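Colleague: Below: one structure in structure tokens.
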Amino acid sequence: MLTREFSSTGPLQKYVVVVLLALISSFFGRAGIAADARRAPFGHLGDGTPVEAVELSNSTGMKVRVMTLGAAIQSLFVPDRGGSSGDVVLGFDTAQEYFQDTHYFGATVGRFANRISKGRFTLDGHVYVLTTNDHSNHLHGGKRGFDKVIWTLDLARSGSPACAQFSYVSIDGEEGYPGTLHVTATYCLDDRETLTLDYAATTDRPTIVNLSGHSYFNLSADVAGASAMDDLLQVHASRYTPVDAQLIPTGELRSVSGTPFDFRQPTVIGTRIRDGRDPQILHGRGYDHNFVLDGSGSMPRVAARIHDPRSGRVLEILTTAPGLQFYSGNFLDGTTAGKNNVLYRQGDALVFEPQLFPDAPNQPGFPSARLNPGSVYRNTIIYRFSIDRRRSAEMKMPGVH
Ligand code: GLA
């Protein structure tokens with residue numbers, strides 16, 4: 001009927017009908033599935049400083065809260081195989097607890113994610129001395145890294161995707177770094193199951209930069225009931241960077257072949273984490289190592305896939321970065337009570353930090369961390385969730401017994 005009427009109209013009417021149909025379908029499409037952004041206060045620090053948060057949510061039951069303290073992910077709700085949504089990241093219920101803690105739960109880490117040996121590096125012949133906060137080394141930006149500062153919430157926009165953008169200006173000399181650095185951290189949630197983190201930075205003097213996200217995942221959403229060590233992990237890396245006893249890379253790029261670091265096929269994390277024959281496992285008390293990701297390019301590529309057979313949740317991590325620090329939560333020692341007063345212990349969570357290699361400023365063989373005025377530093381990280389309906393027993397995979 002519509003077709004007949006349509007074919008009997010002139011070119012102008014045809015154009016009007018086409019535009020109207022496009023508008024109607026776009027309206028209904030968006031109304032049904034667009035994601036939502038909502039701003040709300042998130043309490044205060046001990047000195048009274050207010051902290052704000054944005055909650056991005058979509059119609060599939062996914063919901064993420066990001067706060068101005070550390071531009072950090074405070075909670076991340078994702079549906080399981082039965083459709084019920086649970087919080088898959090560790091953290092705290094209040095901003096002040098994040099401020100006092102030293103584990104970087106959910107935070108944006110910088111100016112330099114990971115370690116810089118002895119807190120020193122040379123740039124254009126000048127030796128820069130940074131604050132040290134991990135043995136005699138510099139870790140995740142120093143004593144007052146980006147996780148401990150209040151970011152400005154520049155934008156919170158509903159749509160498809162819904163986005164929140166935070167910014168921070170790190171002044172010349174902060175924690176010892178040269179150059180005033182303008183940084184943005186942008187979070188976008190689409191109407192499916194994808195959360196994109198996009199870090200960008202510019203400088204007014206040559207400097208170094210390495211930004212990443214530090215979420216602790218327990219995909220079961222039940223830290224007290226399920227160990228993250230039972231998850232299957234796949235990492236697309238043929239090499240990793242071995243470290244010394246203080247977790248500083250030796251400079252070597254070592255093959256993962258025949259070692260507990262070979263995750264090229266999906267493997268249960270816990271099966272090799274106690275392999276005391278490997279000195280690298282001893283140095284890290286488990287996994288706390290940078291994997292050299294296979295492939296390269298400016299488009300995000302899949303770096304890792306984590307599958308929790310209990311809940312069915314799957315997390316794929318895509319990135320543009322050359323490295324992926326995989327940290328198996330080894331310093332969680334039962335002395336920190338997190339959300340709902342649950343104590344966090346070793347193996348409760350997994351941290352994946354796509355980034356440049358640790359100590360890159362002191363390692364000529366590693367990709368450079370240098371940023372010049374006029375250039376833009378970028379690191380895009382995508383958390384893509386889905387459901388795998390198979391349970392462990394149905395899977396024939398290495399490490400599954
Ligand atoms: C990083 C490091 C770990 C540890 C955590 C914070 O992921 O690689 O060694 O310092 O941060 O506890």
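Here's how to read the names in the structure tokens: chain A, B, ... by the order shown, residue numbers from 1 in each chain, ligand numbers from 1 in the order shown.
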Per residue of chain A within 7 Å of ligand 1, note the shortest atom pair and the distance in Å to one decimal, counting only C-alpha atoms and all ligand atoms, and order the rows by chain and increasing residue number, as JSON lines.

Modeller:
```
{"residue": "A:Thr102", "atom": "CA", "partner": "ligand 1", "partner_atom_place_in_ligand_line": "12 (O)", "distance": 6.6}
{"residue": "A:His103", "atom": "CA", "partner": "ligand 1", "partner_atom_place_in_ligand_line": "12 (O)", "distance": 4.2}
{"residue": "A:Tyr104", "atom": "CA", "partner": "ligand 1", "partner_atom_place_in_ligand_line": "6 (C)", "distance": 5.9}
{"residue": "A:Asn114", "atom": "CA", "partner": "ligand 1", "partner_atom_place_in_ligand_line": "8 (O)", "distance": 5.8}
{"residue": "A:Asp288", "atom": "CA", "partner": "ligand 1", "partner_atom_place_in_ligand_line": "8 (O)", "distance": 5.4}
{"residue": "A:His289", "atom": "CA", "partner": "ligand 1", "partner_atom_place_in_ligand_line": "8 (O)", "distance": 6.9}
{"residue": "A:Gln325", "atom": "CA", "partner": "ligand 1", "partner_atom_place_in_ligand_line": "8 (O)", "distance": 6.7}
{"residue": "A:Tyr327", "atom": "CA", "partner": "ligand 1", "partner_atom_place_in_ligand_line": "7 (O)", "distance": 5.3}
{"residue": "A:Phe331", "atom": "CA", "partner": "ligand 1", "partner_atom_place_in_ligand_line": "12 (O)", "distance": 5.8}
{"residue": "A:Val351", "atom": "CA", "partner": "ligand 1", "partner_atom_place_in_ligand_line": "7 (O)", "distance": 6.6}
```

Colleague: According to DSSP computed on the backbone, where in stretch 92-341 of chain A is there strand (DSSP E or B)? Give the residues as a ChimeraX atom specification.

Modeller: /A:107-109,112,115-116,120-123,126-129,134,137-139,150,152-157,159,162-170,181-189,194-203,207-208,210,212-214,216-217,232-235,237-241,243,249,254-255,267-268,288-293,301-307,313-319,323-327,333-337

Colleague: Can you measure atom CA of A:Arg285 to atom CA of A:Pro260 for me? One decimal in Å is fine.

Modeller: 12.8 Å

Colleague: Can you pull out the residues contacting stretch 47-60 of chain A? Cut-off 10 Å, using only C-alpha atoms, and skip same-chain residues under 5 positions away; I want them as JSON, numbers by chain.

Modeller: {"A": [32, 33, 34, 35, 36, 37, 38, 39, 40, 41, 42, 65, 66, 67, 68, 69, 71, 72, 73, 74, 75, 76, 77, 78, 79, 83, 85, 94, 95, 96, 150, 151, 152, 153, 155, 156, 157, 158, 159, 160, 161, 162, 163, 164, 165, 187, 188, 189, 190, 191, 192, 193, 195]}

Colleague: Would you pick out the contacts of A:Phe291 at 7 Å or less, using only C-alpha atoms, so that residues sharing its chain but fewer than 5 positions from it are not included, and give the list as a PyMOL selection string?

Modeller: chain A and resi 237+239-241+323-325

Colleague: Please produce a file of the residues just selected, as a short mmCIF file (atom, residue, chain, number, x, y, z; two decimals), in the first residue's frame, where the atoms kept are C-alpha atoms.

Modeller:
```cif
data_model
loop_
_atom_site.label_atom_id
_atom_site.label_comp_id
_atom_site.auth_asym_id
_atom_site.auth_seq_id
_atom_site.Cartn_x
_atom_site.Cartn_y
_atom_site.Cartn_z
CA ALA A 237 51.80 -11.61 23.09
CA ARG A 239 57.17 -11.95 24.24
CA TYR A 240 57.27 -10.23 27.61
CA THR A 241 59.73 -8.01 29.45
CA GLY A 323 52.42 -3.24 25.94
CA LEU A 324 50.04 -4.78 28.45
CA GLN A 325 50.95 -4.97 32.14
#
```

Colleague: Which residues are close to A:Asp222, i.e. within 9 Å by only C-alpha atoms, leaving aside same-chain residues fewer than 4 positions away? Reply as a PyMOL selection string.

Modeller: chain A and resi 86-88+218+226-227

Colleague: Selected residues, N, CA, C and O atoms, written as an mmCIF file, in the first residue's frame, please.

Modeller:
```cif
data_model
loop_
_atom_site.group_PDB
_atom_site.id
_atom_site.type_symbol
_atom_site.label_atom_id
_atom_site.label_comp_id
_atom_site.auth_asym_id
_atom_site.auth_seq_id
_atom_site.Cartn_x
_atom_site.Cartn_y
_atom_site.Cartn_z
ATOM 1 N N GLY A 86 26.053 -7.219 37.754
ATOM 2 C CA GLY A 86 26.863 -7.192 38.974
ATOM 3 C C GLY A 86 28.087 -6.320 38.763
ATOM 4 O O GLY A 86 28.540 -6.129 37.628
ATOM 5 N N ASP A 87 28.639 -5.820 39.880
ATOM 6 C CA ASP A 87 29.790 -4.912 39.840
ATOM 7 C C ASP A 87 31.070 -5.741 39.676
ATOM 8 O O ASP A 87 31.431 -6.514 40.568
ATOM 9 N N VAL A 88 31.773 -5.563 38.573
ATOM 10 C CA VAL A 88 32.926 -6.416 38.267
ATOM 11 C C VAL A 88 34.270 -5.773 38.614
ATOM 12 O O VAL A 88 35.315 -6.307 38.249
ATOM 13 N N ASN A 218 37.093 -8.497 38.849
ATOM 14 C CA ASN A 218 36.678 -9.838 39.242
ATOM 15 C C ASN A 218 35.353 -10.060 38.516
ATOM 16 O O ASN A 218 34.307 -9.535 38.933
ATOM 17 N N ALA A 226 34.277 -16.018 44.669
ATOM 18 C CA ALA A 226 34.917 -16.611 43.489
ATOM 19 C C ALA A 226 36.274 -15.983 43.221
ATOM 20 O O ALA A 226 36.393 -14.761 43.142
ATOM 21 N N SER A 227 37.273 -16.837 43.085
ATOM 22 C CA SER A 227 38.616 -16.335 42.814
ATOM 23 C C SER A 227 38.776 -15.992 41.342
ATOM 24 O O SER A 227 38.341 -16.754 40.466
#
```

Colleague: Identify, on the basis of only C-alpha atoms, every residue whose closest approach to stretch 311-318 of chain A does not exceed 10 Å; exclude the query and any residue fewer than 5 positions from it along the same chain; express the result as a PyMOL selection string.

Modeller: chain A and resi 78-84+86+88+193-196+217+219-222+226+231-235+299-306+324+352-354+380-392

Colleague: Could you write out the selected residues, including N, CA and C atoms, as a short mmCIF file (atom, residue, chain, number, x, y, z; two decimals), in the first residue's frame?

Modeller:
```
data_model
loop_
_atom_site.label_atom_id
_atom_site.label_comp_id
_atom_site.auth_asym_id
_atom_site.auth_seq_id
_atom_site.Cartn_x
_atom_site.Cartn_y
_atom_site.Cartn_z
N VAL A 78 27.89 -5.11 34.93
CA VAL A 78 27.79 -5.81 33.65
C VAL A 78 26.89 -7.03 33.86
N PRO A 79 25.98 -7.31 32.92
CA PRO A 79 25.09 -8.48 33.08
C PRO A 79 25.86 -9.81 32.97
N ASP A 80 25.39 -10.82 33.71
CA ASP A 80 25.97 -12.16 33.59
C ASP A 80 25.13 -12.99 32.61
N ARG A 81 25.41 -14.32 32.54
CA ARG A 81 24.69 -15.13 31.53
C ARG A 81 23.19 -15.21 31.80
N GLY A 82 22.79 -14.98 33.06
CA GLY A 82 21.36 -14.99 33.38
C GLY A 82 20.71 -13.62 33.22
N GLY A 83 21.52 -12.62 32.84
CA GLY A 83 20.98 -11.28 32.63
C GLY A 83 21.02 -10.40 33.85
N SER A 84 21.56 -10.92 34.99
CA SER A 84 21.58 -10.04 36.16
C SER A 84 22.92 -9.32 36.26
N GLY A 86 26.05 -7.22 37.75
CA GLY A 86 26.86 -7.19 38.97
C GLY A 86 28.09 -6.32 38.76
N VAL A 88 31.77 -5.56 38.57
CA VAL A 88 32.93 -6.42 38.27
C VAL A 88 34.27 -5.77 38.61
N GLU A 193 27.84 -3.40 24.66
CA GLU A 193 28.56 -3.76 25.89
C GLU A 193 29.98 -3.23 25.85
N THR A 194 30.15 -2.05 25.31
CA THR A 194 31.51 -1.56 25.11
C THR A 194 31.75 -0.24 25.83
N LEU A 195 32.81 -0.24 26.64
CA LEU A 195 33.24 0.98 27.32
C LEU A 195 34.61 1.36 26.75
N THR A 196 34.71 2.58 26.25
CA THR A 196 35.99 3.02 25.66
C THR A 196 36.63 4.08 26.53
N PHE A 217 39.64 -6.24 38.01
CA PHE A 217 38.44 -6.96 37.59
C PHE A 217 38.29 -8.28 38.36
N LEU A 219 35.43 -10.79 37.41
CA LEU A 219 34.28 -10.87 36.50
C LEU A 219 33.09 -11.61 37.09
N SER A 220 33.31 -12.33 38.21
CA SER A 220 32.18 -13.03 38.83
C SER A 220 31.26 -12.03 39.54
N ALA A 221 31.78 -10.81 39.82
CA ALA A 221 31.05 -9.79 40.61
C ALA A 221 30.80 -10.30 42.02
N ASP A 222 31.58 -11.28 42.45
CA ASP A 222 31.40 -11.85 43.79
C ASP A 222 32.80 -12.15 44.36
N ALA A 226 34.28 -16.02 44.67
CA ALA A 226 34.92 -16.61 43.49
C ALA A 226 36.27 -15.98 43.22
N ASP A 231 39.68 -17.80 36.24
CA ASP A 231 39.34 -17.28 34.91
C ASP A 231 40.29 -17.81 33.85
N LEU A 232 39.78 -17.88 32.65
CA LEU A 232 40.63 -18.21 31.49
C LEU A 232 41.15 -16.92 30.89
N LEU A 233 42.45 -16.90 30.64
CA LEU A 233 43.06 -15.69 30.08
C LEU A 233 43.75 -16.02 28.77
N GLN A 234 43.55 -15.15 27.80
CA GLN A 234 44.32 -15.23 26.56
C GLN A 234 44.97 -13.87 26.33
N VAL A 235 46.28 -13.86 26.10
CA VAL A 235 46.99 -12.60 25.81
C VAL A 235 47.72 -12.77 24.48
N MET A 299 45.02 1.57 15.02
CA MET A 299 43.68 1.09 15.37
C MET A 299 43.76 0.16 16.57
N PRO A 300 42.81 0.27 17.53
CA PRO A 300 42.84 -0.64 18.68
C PRO A 300 42.72 -2.09 18.22
N ARG A 301 43.54 -2.97 18.82
CA ARG A 301 43.49 -4.39 18.48
C ARG A 301 43.30 -5.19 19.77
N VAL A 302 42.80 -6.41 19.63
CA VAL A 302 42.52 -7.21 20.84
C VAL A 302 43.85 -7.61 21.48
N ALA A 303 44.04 -7.22 22.74
CA ALA A 303 45.26 -7.56 23.47
C ALA A 303 45.02 -8.78 24.35
N ALA A 304 43.84 -8.84 24.97
CA ALA A 304 43.58 -9.93 25.93
C ALA A 304 42.10 -10.25 25.96
N ARG A 305 41.82 -11.51 26.35
CA ARG A 305 40.43 -11.95 26.53
C ARG A 305 40.36 -12.70 27.85
N ILE A 306 39.43 -12.31 28.70
CA ILE A 306 39.29 -12.94 30.00
C ILE A 306 37.88 -13.52 30.06
N LEU A 324 51.16 -4.52 27.53
CA LEU A 324 50.04 -4.78 28.45
C LEU A 324 50.62 -5.30 29.76
N PHE A 352 44.71 -5.16 34.14
CA PHE A 352 45.31 -5.14 32.81
C PHE A 352 45.55 -3.69 32.43
N GLU A 353 46.82 -3.34 32.25
CA GLU A 353 47.16 -1.94 31.99
C GLU A 353 47.84 -1.81 30.63
N PRO A 354 47.06 -1.52 29.59
CA PRO A 354 47.68 -1.29 28.28
C PRO A 354 48.50 -0.01 28.34
N THR A 380 44.21 4.52 23.56
CA THR A 380 42.80 4.12 23.57
C THR A 380 42.69 2.69 24.10
N ILE A 381 41.81 2.52 25.07
CA ILE A 381 41.60 1.21 25.69
C ILE A 381 40.11 0.90 25.58
N ILE A 382 39.78 -0.27 25.07
CA ILE A 382 38.36 -0.64 24.94
C ILE A 382 38.10 -1.87 25.80
N TYR A 383 37.10 -1.77 26.66
CA TYR A 383 36.62 -2.94 27.41
C TYR A 383 35.36 -3.42 26.70
N ARG A 384 35.46 -4.57 26.04
CA ARG A 384 34.31 -5.09 25.29
C ARG A 384 33.79 -6.34 26.00
N PHE A 385 32.57 -6.26 26.50
CA PHE A 385 31.99 -7.38 27.26
C PHE A 385 31.07 -8.20 26.39
N SER A 386 30.99 -9.49 26.71
CA SER A 386 30.03 -10.37 26.05
C SER A 386 29.79 -11.56 26.97
N ILE A 387 29.00 -12.50 26.52
CA ILE A 387 28.69 -13.69 27.33
C ILE A 387 29.15 -14.93 26.56
N ASP A 388 29.84 -15.82 27.25
CA ASP A 388 30.18 -17.13 26.70
C ASP A 388 29.39 -18.13 27.53
N ARG A 389 28.47 -18.84 26.90
CA ARG A 389 27.54 -19.68 27.66
C ARG A 389 28.12 -21.02 28.08
N ARG A 390 29.31 -21.36 27.57
CA ARG A 390 29.90 -22.65 27.96
C ARG A 390 30.41 -22.58 29.40
N ARG A 391 30.35 -23.68 30.12
CA ARG A 391 30.96 -23.76 31.44
C ARG A 391 32.28 -24.49 31.29
N SER A 392 33.14 -24.46 32.33
CA SER A 392 34.50 -25.04 32.24
C SER A 392 34.46 -26.45 31.70
#
```

Colleague: Which of these residues is nearest to A:Pro279, using only C-alpha atoms: A:Ile248, A:Val243, A:Ile116, A:Val256?

Modeller: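 When distances to A:Pro279 are compared using only C-alpha atoms, the smallest one comes from A:Val243.
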
Colleague: Which polymer residues have any atom within 9 Å of an atom of stretch 345-347 of chain A, counting only C-alpha atoms, with same-chain residues fewer than 4 positions away left out, as a tab-separated table (two decimals) with N, CA and C atoms, in the first residue's frame?

Modeller:
```tsv
chain	number	residue	atom	x	y	z
A	227	SER	N	37.27	-16.84	43.09
A	227	SER	CA	38.62	-16.33	42.81
A	227	SER	C	38.78	-15.99	41.34
A	228	ALA	N	39.45	-14.89	41.08
A	228	ALA	CA	39.74	-14.52	39.69
A	228	ALA	C	40.78	-15.46	39.08
A	229	MET	N	41.42	-16.27	39.93
A	229	MET	CA	42.43	-17.21	39.43
A	229	MET	C	41.82	-18.34	38.60
A	270	GLY	N	45.27	-19.53	37.37
A	270	GLY	CA	45.83	-20.11	38.59
A	270	GLY	C	46.74	-21.31	38.39
A	328	SER	N	48.37	-9.63	38.80
A	328	SER	CA	47.34	-10.52	39.35
A	328	SER	C	46.99	-10.18	40.81
A	329	GLY	N	47.08	-8.89	41.14
A	329	GLY	CA	46.62	-8.45	42.46
A	329	GLY	C	47.44	-9.01	43.61
A	330	ASN	N	48.76	-9.19	43.38
A	330	ASN	CA	49.60	-9.89	44.36
A	330	ASN	C	49.83	-9.14	45.66
A	331	PHE	N	49.63	-7.81	45.61
A	331	PHE	CA	49.85	-7.02	46.83
A	331	PHE	C	48.58	-6.83	47.65
A	332	LEU	N	47.50	-7.45	47.20
A	332	LEU	CA	46.28	-7.44	48.02
A	332	LEU	C	46.51	-8.50	49.10
A	333	ASP	N	46.62	-8.05	50.35
A	333	ASP	CA	47.07	-8.98	51.40
A	333	ASP	C	46.07	-9.13	52.54
A	334	GLY	N	44.83	-8.80	52.28
A	334	GLY	CA	43.82	-8.98	53.32
A	334	GLY	C	43.81	-7.87	54.35
A	335	THR	N	44.53	-6.77	54.07
A	335	THR	CA	44.51	-5.65	55.02
A	335	THR	C	43.63	-4.51	54.54
A	336	THR	N	43.04	-4.67	53.35
A	336	THR	CA	42.18	-3.60	52.81
A	336	THR	C	40.74	-4.09	52.74
```

Colleague: Interatomic distance between atom CA of A:Gly179 and atom CA of A:Ile208?

Modeller: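 Those two atoms sit 9.1 Å apart.
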